[in-house]
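> File follows, structure-v1.txt with compact mmCIF, C-alpha atoms:
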# COMPACT_ATOMS: atom_id res chain seq x y z
CA MET A 1 67.60 90.50 124.09
CA LYS A 2 68.70 91.75 127.53
CA CYS A 3 72.16 92.24 128.98
CA THR A 4 72.94 89.25 131.20
CA VAL A 5 74.56 91.58 133.76
CA CYS A 6 72.16 94.55 134.07
CA LYS A 7 69.02 93.52 132.09
CA GLU A 8 69.22 96.65 129.91
CA PRO A 9 68.87 96.11 126.13
CA ALA A 10 71.82 94.10 124.79
CA VAL A 11 73.84 94.97 121.67
CA ILE A 12 75.73 91.70 121.28
CA ASP A 13 75.34 88.03 122.08
CA VAL A 14 78.47 86.06 122.97
CA ARG A 15 77.41 82.46 122.62
CA ARG A 16 80.65 80.97 123.95
CA HIS A 17 79.89 82.70 127.28
CA ASN A 18 76.16 81.92 126.92
CA ALA A 19 75.57 85.62 127.60
CA ASN A 20 74.38 88.89 126.06
CA PHE A 21 75.82 92.30 126.84
CA CYS A 22 74.94 95.99 126.67
CA ALA A 23 77.77 98.22 125.38
CA PRO A 24 79.25 99.19 128.80
CA HIS A 25 79.26 95.62 130.10
CA PHE A 26 80.69 94.24 126.85
CA LEU A 27 83.56 96.75 126.99
CA ARG A 28 84.14 95.78 130.61
CA LEU A 29 84.22 92.10 129.60
CA CYS A 30 86.93 92.84 127.02
CA ARG A 31 89.07 94.75 129.52
CA ASP A 32 88.61 92.02 132.13
CA GLN A 33 89.66 89.32 129.66
CA VAL A 34 92.82 91.24 128.77
CA ALA A 35 93.61 91.87 132.44
CA ARG A 36 93.17 88.15 133.13
CA ALA A 37 95.41 87.12 130.22
CA ILE A 38 98.13 89.52 131.42
CA LYS A 39 97.88 88.20 134.99
CA ASP A 40 97.62 84.49 134.13
CA HIS A 41 100.64 84.57 131.85
CA GLN A 42 102.64 87.30 133.66
CA MET A 43 102.82 89.33 130.46
CA ILE A 44 103.54 92.82 131.82
CA GLN A 45 104.92 93.86 135.22
CA PRO A 46 103.97 97.15 136.91
CA GLY A 47 106.08 100.06 135.66
CA GLU A 48 107.24 98.36 132.47
CA ARG A 49 107.18 100.33 129.20
CA VAL A 50 105.12 98.67 126.46
CA LEU A 51 105.46 99.12 122.70
CA VAL A 52 102.28 98.08 120.87
CA ALA A 53 102.72 96.88 117.29
CA VAL A 54 100.00 98.82 115.44
CA SER A 55 98.84 98.00 111.91
CA GLY A 56 95.75 100.22 111.69
CA GLY A 57 93.54 97.13 111.96
CA LYS A 58 91.00 96.41 114.70
CA ASP A 59 93.08 94.11 116.89
CA SER A 60 96.16 96.27 117.27
CA LEU A 61 94.17 99.47 117.86
CA ALA A 62 91.92 97.65 120.36
CA VAL A 63 94.82 96.20 122.33
CA TRP A 64 96.50 99.61 122.47
CA ASP A 65 93.23 101.18 123.66
CA ILE A 66 92.66 98.51 126.32
CA LEU A 67 96.24 98.62 127.64
CA VAL A 68 95.98 102.39 128.06
CA GLU A 69 92.56 101.99 129.72
CA LEU A 70 94.09 99.46 132.12
CA GLY A 71 96.74 102.02 133.08
CA TYR A 72 99.79 100.72 131.25
CA GLU A 73 102.40 103.06 129.77
CA ALA A 74 101.97 102.03 126.13
CA ASP A 75 103.28 103.67 122.95
CA GLY A 76 102.47 102.49 119.44
CA LEU A 77 104.76 101.40 116.61
CA TYR A 78 103.54 101.62 113.02
CA ILE A 79 105.61 100.09 110.24
CA GLY A 80 105.07 101.37 106.70
CA LEU A 81 105.55 98.33 104.47
CA GLY A 82 105.31 100.03 101.09
CA ILE A 83 102.17 98.17 100.01
CA GLY A 84 100.67 100.98 97.93
CA GLU A 85 97.32 102.51 98.93
CA TYR A 86 96.82 99.86 101.61
CA SER A 87 99.86 101.11 103.54
CA ASP A 88 98.74 104.73 103.06
CA ALA A 89 95.27 103.97 104.49
CA SER A 90 96.46 101.80 107.38
CA GLY A 91 99.08 104.37 108.40
CA GLU A 92 96.42 107.08 108.40
CA MET A 93 94.22 104.99 110.73
CA ALA A 94 97.09 104.48 113.18
CA ARG A 95 98.08 108.17 113.13
CA ARG A 96 94.49 109.36 113.60
CA PHE A 97 93.94 106.98 116.53
CA ALA A 98 97.10 108.23 118.27
CA GLU A 99 96.40 111.92 117.60
CA GLU A 100 92.81 111.76 118.84
CA ARG A 101 93.93 110.19 122.12
CA GLY A 102 97.18 112.09 122.63
CA LEU A 103 99.22 108.88 122.41
CA HIS A 104 102.77 108.53 121.11
CA LEU A 105 103.18 106.68 117.81
CA VAL A 106 106.66 105.62 116.69
CA GLU A 107 106.92 105.21 112.91
CA VAL A 108 109.31 103.11 110.86
CA ASP A 109 109.08 103.09 107.07
CA LEU A 110 110.57 100.09 105.29
CA PRO A 111 111.19 101.85 101.92
CA ARG A 112 112.53 105.04 103.53
CA ASP A 113 114.60 103.46 106.30
CA HIS A 114 115.71 100.19 104.68
CA GLY A 115 115.50 100.87 100.95
CA PHE A 116 112.93 98.29 99.84
CA ASP A 117 109.21 97.42 100.08
CA ILE A 118 107.37 94.16 100.71
CA PRO A 119 106.49 93.36 97.06
CA THR A 120 110.17 93.73 96.11
CA GLY A 121 111.46 91.96 99.22
CA SER A 122 109.05 89.09 98.66
CA LYS A 123 110.24 88.49 95.10
CA ALA A 124 113.93 89.05 95.86
CA ALA A 125 113.90 86.60 98.79
CA ARG A 126 111.58 84.14 96.99
CA ARG A 127 109.19 84.25 99.92
CA VAL A 128 105.40 84.57 99.71
CA PRO A 129 104.36 88.14 100.62
CA CYS A 130 102.97 87.24 104.08
CA SER A 131 106.27 85.54 104.95
CA ALA A 132 108.38 88.52 103.81
CA CYS A 133 106.03 90.85 105.70
CA GLY A 134 106.07 88.81 108.93
CA LEU A 135 109.85 88.52 108.82
CA SER A 136 110.21 92.29 108.34
CA LYS A 137 107.73 93.19 111.07
CA ARG A 138 109.29 90.87 113.67
CA HIS A 139 112.74 92.28 112.91
CA LEU A 140 111.62 95.91 112.99
CA PHE A 141 109.52 95.46 116.18
CA ASP A 142 112.57 94.06 117.95
CA GLU A 143 114.83 96.81 116.64
CA ALA A 144 112.43 99.63 117.57
CA ALA A 145 111.81 98.21 121.04
CA ARG A 146 115.53 97.85 121.69
CA THR A 147 116.31 101.33 120.36
CA GLY A 148 113.47 102.92 122.33
CA GLY A 149 114.24 101.14 125.60
CA TYR A 150 110.90 99.31 125.83
CA ASP A 151 110.56 96.27 128.09
CA VAL A 152 107.72 94.56 126.23
CA VAL A 153 106.31 94.38 122.70
CA ALA A 154 102.54 93.72 122.64
CA THR A 155 100.83 92.44 119.50
CA GLY A 156 97.14 92.20 118.60
CA HIS A 157 97.03 88.44 118.00
CA ASN A 158 93.56 87.32 119.10
CA LEU A 159 92.06 83.92 119.91
CA ASP A 160 91.10 83.32 116.26
CA ASP A 161 94.65 84.10 115.10
CA GLU A 162 96.21 81.74 117.63
CA ALA A 163 93.67 78.96 117.04
CA ALA A 164 94.21 79.21 113.26
CA VAL A 165 98.00 79.05 113.61
CA LEU A 166 97.66 76.10 116.01
CA PHE A 167 95.32 74.38 113.55
CA GLY A 168 97.89 74.80 110.76
CA ASN A 169 100.78 73.62 112.94
CA VAL A 170 98.84 70.55 114.07
CA LEU A 171 97.73 69.71 110.53
CA ARG A 172 101.38 69.36 109.57
CA TRP A 173 102.76 68.42 113.03
CA GLN A 174 105.28 71.22 112.94
CA THR A 175 106.58 70.43 116.41
CA GLU A 176 109.22 73.16 116.61
CA TYR A 177 106.50 75.73 115.86
CA LEU A 178 104.16 74.14 118.42
CA GLY A 179 106.93 74.49 121.01
CA ARG A 180 107.10 78.23 120.62
CA GLN A 181 103.43 79.03 120.03
CA LEU A 182 103.13 80.73 123.40
CA PRO A 183 101.33 83.88 124.63
CA VAL A 184 104.61 85.15 126.06
CA LEU A 185 108.01 84.85 124.43
CA PRO A 186 110.61 85.74 127.07
CA ALA A 187 113.26 88.42 126.55
CA ARG A 188 116.50 86.98 125.22
CA HIS A 189 119.65 87.97 123.33
CA GLY A 190 119.01 91.59 124.33
CA PHE A 191 115.56 91.60 122.74
CA PRO A 192 112.32 92.46 124.56
CA ARG A 193 109.61 90.13 125.81
CA LYS A 194 106.73 89.65 123.35
CA VAL A 195 103.18 89.27 124.60
CA LYS A 196 99.72 88.62 123.15
CA PRO A 197 97.14 90.16 125.51
CA LEU A 198 94.12 89.36 123.27
CA ILE A 199 94.34 85.56 123.48
CA ARG A 200 91.08 85.39 125.46
CA LEU A 201 89.10 87.46 122.92
CA THR A 202 87.82 86.49 119.48
CA GLU A 203 88.05 88.37 116.22
CA ARG A 204 84.30 89.11 116.37
CA GLU A 205 84.65 90.48 119.90
CA MET A 206 87.54 92.74 118.85
CA ALA A 207 85.60 94.11 115.88
CA ALA A 208 82.63 94.71 118.19
CA TYR A 209 84.91 96.44 120.73
CA CYS A 210 86.12 98.87 118.06
CA VAL A 211 82.60 99.66 116.82
CA LEU A 212 81.36 100.30 120.36
CA ARG A 213 84.42 102.40 121.29
CA GLY A 214 84.15 104.43 118.07
CA ILE A 215 87.56 103.25 116.88
CA GLU A 216 87.90 103.63 113.13
CA TYR A 217 90.04 100.85 111.66
CA ILE A 218 90.98 99.46 108.27
CA VAL A 219 88.41 96.73 107.52
CA GLU A 220 89.94 95.48 104.28
CA GLU A 221 92.71 92.91 104.45
CA CYS A 222 96.06 93.59 102.81
CA PRO A 223 95.69 93.04 99.03
CA MET A 224 98.74 90.78 99.05
CA ALA A 225 97.19 88.44 101.65
CA VAL A 226 94.26 87.37 99.46
CA GLY A 227 94.18 83.56 99.45
CA ASN A 228 96.20 83.35 102.69
CA LYS A 229 95.65 79.82 104.04
CA HIS A 230 95.02 81.12 107.57
CA LEU A 231 91.85 82.83 106.33
CA GLY A 232 90.63 79.37 105.31
CA TYR A 233 91.56 77.91 108.69
CA LYS A 234 89.65 80.71 110.44
CA GLU A 235 86.55 80.07 108.36
CA ALA A 236 86.77 76.33 109.10
CA LEU A 237 87.13 76.99 112.83
CA ASN A 238 84.19 79.43 112.76
CA ALA A 239 82.03 76.74 111.16
CA ILE A 240 82.90 74.49 114.12
CA GLU A 241 82.36 77.37 116.57
CA ALA A 242 78.88 78.08 115.16
CA ALA A 243 77.88 74.47 115.83
CA SER A 244 79.71 74.22 119.16
CA PRO A 245 80.34 77.59 120.86
CA GLY A 246 83.56 77.69 122.87
CA SER A 247 85.44 75.27 120.60
CA LYS A 248 88.13 77.78 119.59
CA HIS A 249 88.82 78.68 123.22
CA ASP A 250 89.00 75.03 124.28
CA PHE A 251 91.26 74.16 121.32
CA TYR A 252 93.84 76.88 121.98
CA HIS A 253 93.70 77.22 125.75
CA GLY A 254 93.54 73.43 126.14
CA PHE A 255 96.73 73.27 124.08
CA LEU A 256 98.43 75.81 126.36
CA ALA A 257 97.29 74.03 129.53
CA ARG A 258 97.80 70.40 128.55
CA ALA A 259 99.97 69.99 125.46
CA SER A 260 102.28 72.96 124.84
CA ALA A 261 105.01 71.90 127.30
CA ARG A 262 105.39 68.56 125.49
CA PHE A 263 106.89 70.44 122.52
CA THR A 264 109.25 72.66 124.51
CA PRO A 265 112.38 70.52 123.84
CA GLU A 266 112.06 71.07 120.05
CA ALA A 267 111.78 74.84 120.52
CA GLU A 268 114.66 74.95 123.03
CA ALA A 269 116.94 73.03 120.68
CA GLU A 270 116.15 75.57 117.97
CA GLN A 271 116.85 78.49 120.34
CA ALA A 272 120.16 77.00 121.52
CA ALA A 273 121.47 77.03 117.95
CA LEU A 274 120.97 80.81 117.52
CA GLN A 275 123.84 83.30 117.34
CA PRO A 276 123.99 87.06 116.66
CA CYS A 277 123.62 88.19 113.03
CA GLN A 278 126.93 89.59 111.73
CA GLU A 279 125.08 92.55 110.17
CA CYS A 280 122.52 93.61 112.81
CA GLY A 281 123.01 91.44 115.92
CA ALA A 282 119.58 89.78 115.75
CA PRO A 283 119.50 86.10 116.76
CA THR A 284 119.85 83.80 113.75
CA PRO A 285 120.81 80.18 113.07
CA GLY A 286 123.27 81.30 110.33
CA ASP A 287 125.89 84.04 110.01
CA VAL A 288 123.51 86.68 108.60
CA CYS A 289 119.81 86.82 109.58
CA ALA A 290 116.98 86.28 107.09
CA PHE A 291 115.93 89.96 107.22
CA CYS A 292 119.41 91.27 106.37
CA ARG A 293 119.73 88.71 103.54
CA MET A 294 116.34 89.74 102.13
CA ALA A 295 117.15 93.45 102.47
CA GLU A 296 120.45 93.07 100.64
CA ARG A 297 118.86 91.21 97.71
CA ALA A 298 115.85 93.56 97.56
CA ARG A 299 117.95 96.73 97.45
CA GLU A 300 119.74 95.37 94.38
CA ALA A 301 116.51 94.18 92.69
CA THR A 302 114.19 95.95 90.27
CA PRO A 303 111.19 97.35 92.25
CA VAL A 304 108.05 95.19 92.00
CA PRO A 305 104.54 96.75 91.85
CA VAL A 306 101.81 95.74 94.32
CA THR A 307 99.80 92.81 93.00
CA LEU A 308 96.81 90.93 94.35
CA GLY A 309 97.46 87.95 96.58
CA ARG A 310 99.19 84.72 96.05
CA ARG A 311 98.67 81.80 98.39
CA SER A 312 100.73 82.17 101.52
CA MET B 1 66.05 97.63 103.78
CA LYS B 2 69.41 98.57 102.37
CA VAL B 3 72.19 96.09 103.22
CA LEU B 4 75.84 97.07 102.70
CA LEU B 5 78.29 94.21 102.25
CA ARG B 6 82.08 94.04 101.86
CA ASN B 7 84.75 92.07 100.00
CA PRO B 8 83.63 92.94 97.43
CA LYS B 9 81.75 96.10 98.40
CA ARG B 10 78.12 95.91 97.27
CA GLU B 11 74.57 96.91 98.23
CA LEU B 12 71.45 94.76 98.39
CA GLU B 13 67.79 95.70 98.81
CA ILE B 14 66.02 93.17 101.02
CA GLU B 15 62.38 93.37 102.07
CA GLY B 16 61.70 93.89 105.78
CA PRO B 17 60.70 93.40 108.49
CA LEU B 18 63.25 90.67 109.11
CA ARG B 19 65.20 89.56 112.18
CA VAL B 20 69.00 89.82 112.04
CA HIS B 21 69.47 86.05 112.35
CA ALA B 22 67.05 85.49 109.46
CA LEU B 23 68.88 88.07 107.33
CA LEU B 24 72.22 86.34 107.92
CA ALA B 25 70.69 82.94 107.18
CA ARG B 26 69.20 84.26 103.93
CA LEU B 27 72.63 85.58 102.90
CA GLU B 28 74.25 82.28 104.03
CA LEU B 29 76.59 84.10 106.41
CA ASN B 30 78.04 82.57 109.59
CA ARG B 31 77.01 84.70 112.59
CA GLU B 32 80.46 84.08 114.12
CA SER B 33 82.11 85.73 111.12
CA VAL B 34 80.18 89.02 110.84
CA LEU B 35 78.78 91.95 112.79
CA VAL B 36 75.60 93.78 111.86
CA ILE B 37 75.91 97.54 112.34
CA ARG B 38 73.18 100.18 112.18
CA GLY B 39 74.28 103.81 112.56
CA ASP B 40 77.15 103.73 115.01
CA THR B 41 76.18 100.69 117.04
CA LEU B 42 75.72 96.93 116.85
CA VAL B 43 72.43 95.17 116.21
CA PRO B 44 71.89 91.92 118.16
CA GLY B 45 70.66 88.73 116.49
CA ASP B 46 67.02 88.87 117.59
CA GLU B 47 66.49 92.52 116.55
CA LEU B 48 63.78 93.16 113.97
CA LEU B 49 65.07 95.15 111.01
CA GLU B 50 62.49 97.38 109.33
CA ASP B 51 62.05 98.07 105.65
CA ASP B 52 63.58 101.56 105.89
CA ASP B 53 66.67 100.47 107.86
CA VAL B 54 70.19 100.77 106.46
CA VAL B 55 72.58 98.16 107.90
CA GLU B 56 76.19 97.22 107.27
CA ILE B 57 77.25 93.60 107.49
CA ARG B 58 80.93 93.75 108.34
CA PRO B 59 83.22 90.70 108.17
CA VAL B 60 85.21 90.29 111.37
CA ILE B 61 87.94 88.18 109.76
CA SER B 62 90.29 90.63 108.06
CA GLY B 63 89.84 89.88 104.38
CA GLY B 64 86.83 87.66 105.02
CA ALA B 65 83.73 87.98 102.87
CA ALA B 66 80.31 89.32 103.82
Translate this file's structure into structure tokens.

Amino acid sequence: MKCTVCKEPAVIDVRRHNANFCAPHFLRLCRDQVARAIKDHQMIQPGERVLVAVSGGKDSLAVWDILVELGYEADGLYIGLGIGEYSDASGEMARRFAEERGLHLVEVDLPRDHGFDIPTGSKAARRVPCSACGLSKRHLFDEAARTGGYDVVATGHNLDDEAAVLFGNVLRWQTEYLGRQLPVLPARHGFPRKVKPLIRLTEREMAAYCVLRGIEYIVEECPMAVGNKHLGYKEALNAIEAASPGSKHDFYHGFLARASARFTPEAEAEQAALQPCQECGAPTPGDVCAFCRMAERAREATPVPVTLGRRS
Amino acid sequence: MKVLLRNPKRELEIEGPLRVHALLARLELNRESVLVIRGDTLVPGDELLEDDDVVEIRPVISGGAA
């Protein structure tokens, strides 16, 4: 198998591009796809400070690496979620990546800084663990970006992530979610813009990027996410992709180009109803935001040990 | 060859020579869902794996099986 660009031996085939690549040309492809996503969706302007949400997994470390390679001023933010050995290992990956490259990693620790962990927060708020985790991360990303004076928060959501979420939202016609499933969420209520620079790259391509760049990442999924329905959606979409390469890209990017705007009114109505949380100032439809409510209940609750996944 | 798999972690001995695509088909793995790694680099689908090779089959979906 030869590289489609230079005819040297290839290390990876990318069937959706009907092409094979050697390592240097594959890495260039990844950077070019990120640069195109940023340009097409006006994600980051020159001179803006970027905070990359880093989990220690392949996608967040890859997007941090690529943004720095593309010349952006990008720091990392790691959030310790108190999920036992998994949090210890993922934090170590993020710290090692930053140290080896001389990058700045901001750290927030949920148990230390807010007095509870995800297993306890999940039970106290009667949310599945992935919901409690997502709620906490979104809140803490916003808070850290605002405190640190960052213009943009970048996350490692890739094409597979977005296609799987879209698949789930379409299965249940969750129109308010469809209206805000965008690659850029504009700054509002004093909170930074949020961008997803990896929307043109698949999960397989991101894992390959890390292997070829020598980026060590945590391969195992969070123990509390076992049985997560999005894993099932991803496997279903990959079965379609194997039979018809390019399907995931067409599904998600076709939605953005031809359908997304139809759901904007639902999302705008939801946004218009938001007001500042009385505790922390974050936008919320009620008086106190969901994170502050969960934190208050969790701090009063008996700590819960880490257990293997429930469906979420 | 020695084949290292994840979720759960395990090792298989499979007789070579065998092409990567054939190995994945034998293990009933979707090529979109895994990478095959030998040493510190990737092995493309048409590569012939020899009997003394050691390869890792790594799921690309976090938490996915391989």
> Considering all atoms listed in the file, extract the chain B residues located within 10 Å of chain A and return them as a count of residues only.
27
> Using only C-alpha atoms, which residues sit within 7 Å of Gly16 in chain B once same-chain residues fewer than 3 positions away are excluded, as a list in words?
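Here the answer would be Met1, Leu49, Glu50 and Asp51 of chain B.
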> What does the structure give for the distance between CA of Gly149 in chain A and CA of Asp75 in chain A, in Å to one decimal?
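We find that CA of Gly149 in chain A and CA of Asp75 in chain A lie 11.6 Å from each other.
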> Padding 6 Å on each side, edges along x, y and z: where is the centre of the box around the listed atoms of range 293-305 of chain A, and how long are its edges in Å to one decimal? Output it as lines of an AutoDock Vina configuration file.

center_x = 112.5
center_y = 93.0
center_z = 96.9
size_x = 27.9
size_y = 20.6
size_z = 25.3
> Identify, on the basis of all atoms listed in the file, every residue whose closest approach to Asp65 in chain A does not exceed 12 Å; exclude the query and any residue fewer than 3 positions from it along the same chain; express the result as a compact mmCIF listing (two decimals) with C-alpha atoms, in the coordinates of the input.

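Result written to around.txt:
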# COMPACT_ATOMS: atom_id res chain seq x y z
CA LEU A 27 83.56 96.75 126.99
CA CYS A 30 86.93 92.84 127.02
CA ARG A 31 89.07 94.75 129.52
CA VAL A 34 92.82 91.24 128.77
CA VAL A 52 102.28 98.08 120.87
CA VAL A 54 100.00 98.82 115.44
CA LYS A 58 91.00 96.41 114.70
CA ASP A 59 93.08 94.11 116.89
CA SER A 60 96.16 96.27 117.27
CA LEU A 61 94.17 99.47 117.86
CA ALA A 62 91.92 97.65 120.36
CA VAL A 68 95.98 102.39 128.06
CA GLU A 69 92.56 101.99 129.72
CA LEU A 70 94.09 99.46 132.12
CA GLY A 71 96.74 102.02 133.08
CA TYR A 72 99.79 100.72 131.25
CA GLU A 73 102.40 103.06 129.77
CA ALA A 74 101.97 102.03 126.13
CA ASP A 75 103.28 103.67 122.95
CA GLY A 76 102.47 102.49 119.44
CA ALA A 94 97.09 104.48 113.18
CA PHE A 97 93.94 106.98 116.53
CA ALA A 98 97.10 108.23 118.27
CA GLU A 100 92.81 111.76 118.84
CA ARG A 101 93.93 110.19 122.12
CA GLY A 102 97.18 112.09 122.63
CA LEU A 103 99.22 108.88 122.41
CA ALA A 154 102.54 93.72 122.64
CA GLY A 156 97.14 92.20 118.60
CA PRO A 197 97.14 90.16 125.51
CA LEU A 198 94.12 89.36 123.27
CA MET A 206 87.54 92.74 118.85
CA TYR A 209 84.91 96.44 120.73
CA CYS A 210 86.12 98.87 118.06
CA ARG A 213 84.42 102.40 121.29
CA GLY A 214 84.15 104.43 118.07
CA ILE A 215 87.56 103.25 116.88
> One decimal, in Å: what's the spacing between CA of Leu159 in chain A and CA of Leu201 in chain A?
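So the two atoms, CA of Leu159 in chain A and CA of Leu201 in chain A, lie 5.5 Å apart.
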> With a distance cut-off of 12 Å and only C-alpha atoms, select the neighbouring residues of Gly80 in chain A, excluding the residue or stretch itself and same-chain residues fewer than 6 positions from it, and output the selection as a ChimeraX atom specification.
/A:53-56,86-92,94-95,106-118,133,136-137,140
> Residues at most 12 Å from Ala259 in chain A, counting all atoms listed in the file, excluding those fewer than 2 positions away in the same chain, as a list of chain:residue names?
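Listed by chain and then number, they are A:Leu166, A:Val170, A:Thr175, A:Leu178, A:Gly179, A:Arg180, A:Gln181, A:Leu182, A:Phe251, A:Tyr252, A:His253, A:Gly254, A:Phe255, A:Leu256, A:Ala257, A:Ala261, A:Arg262, A:Phe263, A:Thr264.
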> CA of Ile199 in chain A and CA of Glu162 in chain A, how far apart in Å?
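Those two atoms sit 7.2 Å apart.
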> For a cut-off of 8 Å around (105.7, 90.0, 122.0), file coordinates, pick out all residues using all atoms listed in the file and list them as number ranges by chain.
A: 152-155, 183-185, 192-196
> Phe291 in chain A: which residues within 7 Å, counting all atoms listed in the file, same-chain residues fewer than 4 positions away excluded, as an NGL selection string?
:A and (135-136 or 139 or 295)
> Could the residues in this selection be written to a file with C-alpha atoms, as a short mmCIF file (atom, residue, chain, number, x, y, z; two decimals), in the coordinates of the input?

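Generated file (result.cif):
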data_model
loop_
_atom_site.label_atom_id
_atom_site.label_comp_id
_atom_site.auth_asym_id
_atom_site.auth_seq_id
_atom_site.Cartn_x
_atom_site.Cartn_y
_atom_site.Cartn_z
CA LEU A 135 109.85 88.52 108.82
CA SER A 136 110.21 92.29 108.34
CA HIS A 139 112.74 92.28 112.91
CA ALA A 295 117.15 93.45 102.47
#
